[in-house]
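Participant: coords38.cif (mmCIF, C-alpha atoms) pasted underneath:
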```cif
data_upload
#
loop_
_atom_site.group_PDB
_atom_site.id
_atom_site.type_symbol
_atom_site.label_atom_id
_atom_site.label_comp_id
_atom_site.auth_asym_id
_atom_site.auth_seq_id
_atom_site.Cartn_x
_atom_site.Cartn_y
_atom_site.Cartn_z
ATOM 1 C CA MET A 1 21.010 6.075 33.354
ATOM 2 C CA ALA A 2 19.433 4.230 36.274
ATOM 3 C CA LEU A 3 16.330 6.400 36.001
ATOM 4 C CA GLY A 4 16.036 5.622 32.282
ATOM 5 C CA SER A 5 16.394 1.918 32.994
ATOM 6 C CA ALA A 6 13.703 2.128 35.649
ATOM 7 C CA TRP A 7 11.303 3.752 33.175
ATOM 8 C CA VAL A 8 12.026 1.099 30.550
ATOM 9 C CA LEU A 9 11.523 -1.695 33.092
ATOM 10 C CA THR A 10 8.285 -0.124 34.316
ATOM 11 C CA GLY A 11 7.017 0.377 30.774
ATOM 12 C CA ASN A 12 7.841 -3.189 29.730
ATOM 13 C CA GLY A 13 6.253 -4.628 32.859
ATOM 14 C CA LEU A 14 3.101 -2.570 32.413
ATOM 15 C CA ALA A 15 2.887 -3.540 28.727
ATOM 16 C CA ARG A 16 3.074 -7.228 29.622
ATOM 17 C CA ILE A 17 0.408 -6.902 32.317
ATOM 18 C CA LEU A 18 -1.926 -5.061 29.935
ATOM 19 C CA THR A 19 -1.263 -7.629 27.211
ATOM 20 C CA LEU A 20 -2.190 -10.428 29.606
ATOM 21 C CA ALA A 21 -5.365 -8.633 30.688
ATOM 22 C CA GLY A 22 -6.312 -7.981 27.066
ATOM 23 C CA SER A 23 -5.689 -11.617 26.163
ATOM 24 C CA VAL A 24 -7.975 -12.800 28.956
ATOM 25 C CA ILE A 25 -10.749 -10.468 27.795
ATOM 26 C CA VAL A 26 -10.360 -11.492 24.141
ATOM 27 C CA ALA A 27 -10.211 -15.202 25.079
ATOM 28 C CA ARG A 28 -13.456 -14.991 27.016
ATOM 29 C CA ALA A 29 -15.145 -13.105 24.182
ATOM 30 C CA LEU A 30 -13.985 -15.383 21.340
ATOM 31 C CA GLY A 31 -13.984 -18.857 22.860
ATOM 32 C CA LYS A 32 -11.244 -21.499 22.793
ATOM 33 C CA GLU A 33 -11.015 -22.372 19.115
ATOM 34 C CA ILE A 34 -11.274 -18.870 17.683
ATOM 35 C CA PHE A 35 -8.926 -17.493 20.337
ATOM 36 C CA GLY A 36 -6.398 -20.170 19.350
ATOM 37 C CA GLU A 37 -6.567 -19.007 15.740
ATOM 38 C CA TYR A 38 -6.321 -15.393 16.878
ATOM 39 C CA SER A 39 -3.273 -16.178 19.019
ATOM 40 C CA LEU A 40 -1.649 -18.004 16.138
ATOM 41 C CA ALA A 41 -2.234 -15.005 13.890
ATOM 42 C CA ILE A 42 -0.848 -12.519 16.424
ATOM 43 C CA ASN A 43 2.245 -14.618 17.142
ATOM 44 C CA THR A 44 2.812 -15.097 13.420
ATOM 45 C CA LEU A 45 2.544 -11.332 12.947
ATOM 46 C CA ASN A 46 5.102 -10.700 15.687
ATOM 47 C CA LEU A 47 7.512 -13.290 14.294
ATOM 48 C CA LEU A 48 7.214 -12.018 10.731
ATOM 49 C CA ALA A 49 7.537 -8.386 11.808
ATOM 50 C CA GLU A 50 10.830 -9.193 13.497
ATOM 51 C CA ALA A 51 12.021 -11.246 10.545
ATOM 52 C CA ALA A 52 10.920 -8.659 7.977
ATOM 53 C CA THR A 53 12.791 -5.799 9.598
ATOM 54 C CA PHE A 54 15.985 -7.822 10.186
ATOM 55 C CA GLY A 55 16.732 -5.749 13.272
ATOM 56 C CA ALA A 56 16.836 -2.537 11.235
ATOM 57 C CA GLY A 57 15.259 -0.531 14.059
ATOM 58 C CA THR A 58 17.923 -1.472 16.574
ATOM 59 C CA ALA A 59 20.751 -0.969 14.101
ATOM 60 C CA GLY A 60 19.281 2.354 13.014
ATOM 61 C CA ALA A 61 18.919 3.583 16.593
ATOM 62 C CA LYS A 62 22.533 2.681 17.344
ATOM 63 C CA TYR A 63 23.820 4.378 14.205
ATOM 64 C CA ILE A 64 21.717 7.496 14.783
ATOM 65 C CA SER A 65 22.800 7.836 18.406
ATOM 66 C CA GLU A 66 26.460 7.575 17.370
ATOM 67 C CA THR A 67 26.150 9.998 14.435
ATOM 68 C CA LEU A 68 23.634 12.560 15.730
ATOM 69 C CA SER A 69 26.178 14.969 17.171
ATOM 70 C CA LYS A 70 28.448 14.730 14.108
ATOM 71 C CA ASP A 71 26.227 15.046 11.030
ATOM 72 C CA LYS A 72 22.502 15.816 11.302
ATOM 73 C CA ILE A 73 21.911 15.613 7.547
ATOM 74 C CA LYS A 74 23.370 12.116 7.433
ATOM 75 C CA VAL A 75 21.120 11.144 10.334
ATOM 76 C CA ALA A 76 18.024 12.413 8.504
ATOM 77 C CA GLN A 77 19.022 10.476 5.398
ATOM 78 C CA SER A 78 19.612 7.366 7.512
ATOM 79 C CA ILE A 79 16.172 7.632 9.100
ATOM 80 C CA VAL A 80 14.468 7.928 5.714
ATOM 81 C CA CYS A 81 16.521 5.052 4.299
ATOM 82 C CA SER A 82 15.857 2.851 7.339
ATOM 83 C CA CYS A 83 12.103 3.480 7.159
ATOM 84 C CA LEU A 84 12.044 2.790 3.434
ATOM 85 C CA VAL A 85 14.029 -0.445 3.718
ATOM 86 C CA THR A 86 11.898 -1.648 6.623
ATOM 87 C CA PHE A 87 8.680 -0.885 4.752
ATOM 88 C CA LEU A 88 9.886 -2.614 1.584
ATOM 89 C CA LEU A 89 10.991 -5.720 3.485
ATOM 90 C CA ALA A 90 7.648 -5.848 5.302
ATOM 91 C CA LEU A 91 5.850 -5.435 1.985
ATOM 92 C CA ILE A 92 7.804 -8.305 0.408
ATOM 93 C CA VAL A 93 7.053 -10.618 3.323
ATOM 94 C CA ALA A 94 3.388 -9.537 3.322
ATOM 95 C CA VAL A 95 2.958 -10.197 -0.401
ATOM 96 C CA THR A 96 4.639 -13.571 0.028
ATOM 97 C CA LEU A 97 2.264 -14.342 2.897
ATOM 98 C CA ILE A 98 -0.806 -13.292 0.901
ATOM 99 C CA VAL A 99 0.202 -15.242 -2.191
ATOM 100 C CA GLY A 100 1.246 -18.331 -0.246
ATOM 101 C CA GLY A 101 -1.236 -18.033 2.610
ATOM 102 C CA ASP A 102 -3.293 -21.067 1.608
ATOM 103 C CA GLN A 103 -0.186 -23.198 1.126
ATOM 104 C CA ILE A 104 1.250 -22.099 4.488
ATOM 105 C CA ALA A 105 -2.063 -22.738 6.251
ATOM 106 C CA ASN A 106 -2.361 -26.238 4.806
ATOM 107 C CA SER A 107 1.260 -27.393 4.964
ATOM 108 C CA ILE A 108 2.620 -25.746 8.124
ATOM 109 C CA PHE A 109 -0.428 -25.230 10.323
ATOM 110 C CA LEU A 110 -2.436 -28.155 8.866
ATOM 111 C CA ASN A 111 -5.576 -26.028 9.049
ATOM 112 C CA SER A 112 -7.108 -24.299 6.027
ATOM 113 C CA ASN A 113 -9.234 -22.107 8.318
ATOM 114 C CA ILE A 114 -6.078 -20.187 9.253
ATOM 115 C CA ALA A 115 -5.602 -18.775 5.708
ATOM 116 C CA PRO A 116 -7.861 -15.703 6.251
ATOM 117 C CA CYS A 117 -6.022 -15.009 9.514
ATOM 118 C CA LEU A 118 -2.714 -15.123 7.643
ATOM 119 C CA ASN A 119 -4.052 -12.612 5.113
ATOM 120 C CA ALA A 120 -5.033 -10.318 7.973
ATOM 121 C CA VAL A 121 -1.572 -10.824 9.481
ATOM 122 C CA ALA A 122 -0.031 -9.802 6.151
ATOM 123 C CA LEU A 123 -1.946 -6.531 6.205
ATOM 124 C CA GLY A 124 -0.942 -5.977 9.822
ATOM 125 C CA LEU A 125 2.663 -6.642 8.895
ATOM 126 C CA VAL A 126 2.680 -3.829 6.359
ATOM 127 C CA ALA A 127 1.059 -1.506 8.897
ATOM 128 C CA ALA A 128 3.606 -2.516 11.559
ATOM 129 C CA GLY A 129 6.536 -2.282 9.161
#
```
Starting from the file, give its structure as structure tokens.

Facilitator:
Amino acid sequence: MALGSAWVLTGNGLARILTLAGSVIVARALGKEIFGEYSLAINTLNLLAEAATFGAGTAGAKYISETLSKDKIKVAQSIVCSCLVTFLLALIVAVTLIVGGDQIANSIFLNSNIAPCLNAVALGLVAAG
């Protein structure tokens, strides 16, 4: 178990370092204002991805690990169901974001230039879901 934890810690640490390095490169390439919009879009994508899945991945992993040795057919059905539910929830949130993107950009972010970024986030949300 300690070895598994070490790998997870190493992987998470490396992912954060690479994310920071990538952000620095993108920031220098885009400039302050566009990078701010990009960061807003990425953070919105991450927030909506978490909200759209409602923790289904974690719950599914727990259920599968508990049931795997007992009933493999039930596990396969659970995986398919979990993927379908997650995709449908992501699709609902994405459609809502596309339809209301202009309203969200103007009322929440107070910047109409963000609307195209929100549409791109919506497409990313479906891909991530």

Participant: With all atoms listed in the file counted, which protein, DNA or RNA residues have an atom no more than 12 Å from (-4.2, -16.6, 17.0) in the file frame? Please answer as a PyMOL selection string.

Facilitator: chain A and resi 23+26-27+30-46+109+113-118+120-121

Participant: So the first atom is atom CA of Gln77 of chain A and the second is atom CA of Leu89 of chain A; what is the distance between them in Å, to one decimal place?

Facilitator: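 Atom-to-atom, atom CA of Gln77 of chain A and atom CA of Leu89 of chain A are spaced 18.2 Å apart.
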
Participant: I'd like the neighbourhood of Val93 of chain A as a PyMOL selection string, where a residue qualifies if any of its atoms comes within 9 Å (using all atoms listed in the file), though same-chain residues fewer than 4 positions away should be ignored.

Facilitator: chain A and resi 48-49+51-52+88-89+97-98+122+125-126

Participant: To one decimal place, how far is atom CA of Thr19 of chain A from atom CA of Gly4 of chain A in Å?

Facilitator: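 Computing the Euclidean distance for atom CA of Thr19 of chain A and atom CA of Gly4 of chain A yields 22.4 Å.
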
Participant: Given all atoms listed in the file as the basis, pick out the residue of A:Ala6, A:Leu18, A:Ile108, A:Ile64 nearest to Val80 of chain A.

Facilitator: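 Closest to Val80 of chain A of all the choices is A:Ile64.
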
Participant: Which of these, A:Ala94, A:Val24, A:Ala59, A:Leu68, has the shortest distance to Gly124 of chain A once you count only C-alpha atoms?

Facilitator: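 Answer, going by the shortest atom-to-atom distance: A:Ala94.
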
Participant: Just give me the gap between atom CA of Cys83 of chain A and atom CA of Arg16 of chain A in Å, one decimal is fine.

Facilitator: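 Distance reported for this atom pair: 26.5 Å.
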
Participant: Taking all atoms of segment 94-108 of chain A that the file lists, what box with edges along x, y and z, padded by 3 Å per side, do you get, with centre and edge lengths in Å to one decimal, as lines of an AutoDock Vina configuration file?

Facilitator:
```
center_x = 0.7
center_y = -18.5
center_z = 3.0
size_x = 13.9
size_y = 23.9
size_z = 16.3
```

Participant: Looking at A:Ile73, A:Ile79, A:Gly100, A:Leu84, which one is nearest to Ala61 of chain A, with distances taken over all atoms listed in the file?

Facilitator: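 Among the listed residues, the smallest separation from Ala61 of chain A belongs to A:Ile79.
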
Participant: Under the rule that all atoms listed in the file are counted, which of A:Asn12, A:Ser5, A:Ser69, A:Thr96 is the nearest residue to Leu123 of chain A?

Facilitator: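 Answer, going by the shortest atom-to-atom distance: A:Thr96.
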
Participant: For Glu50 of chain A, which residue among A:Ser65, A:Asn119, A:Ser107, A:Thr86 is the nearest when counting only C-alpha atoms?

Facilitator: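 Of all the options, A:Thr86 lies closest to Glu50 of chain A.
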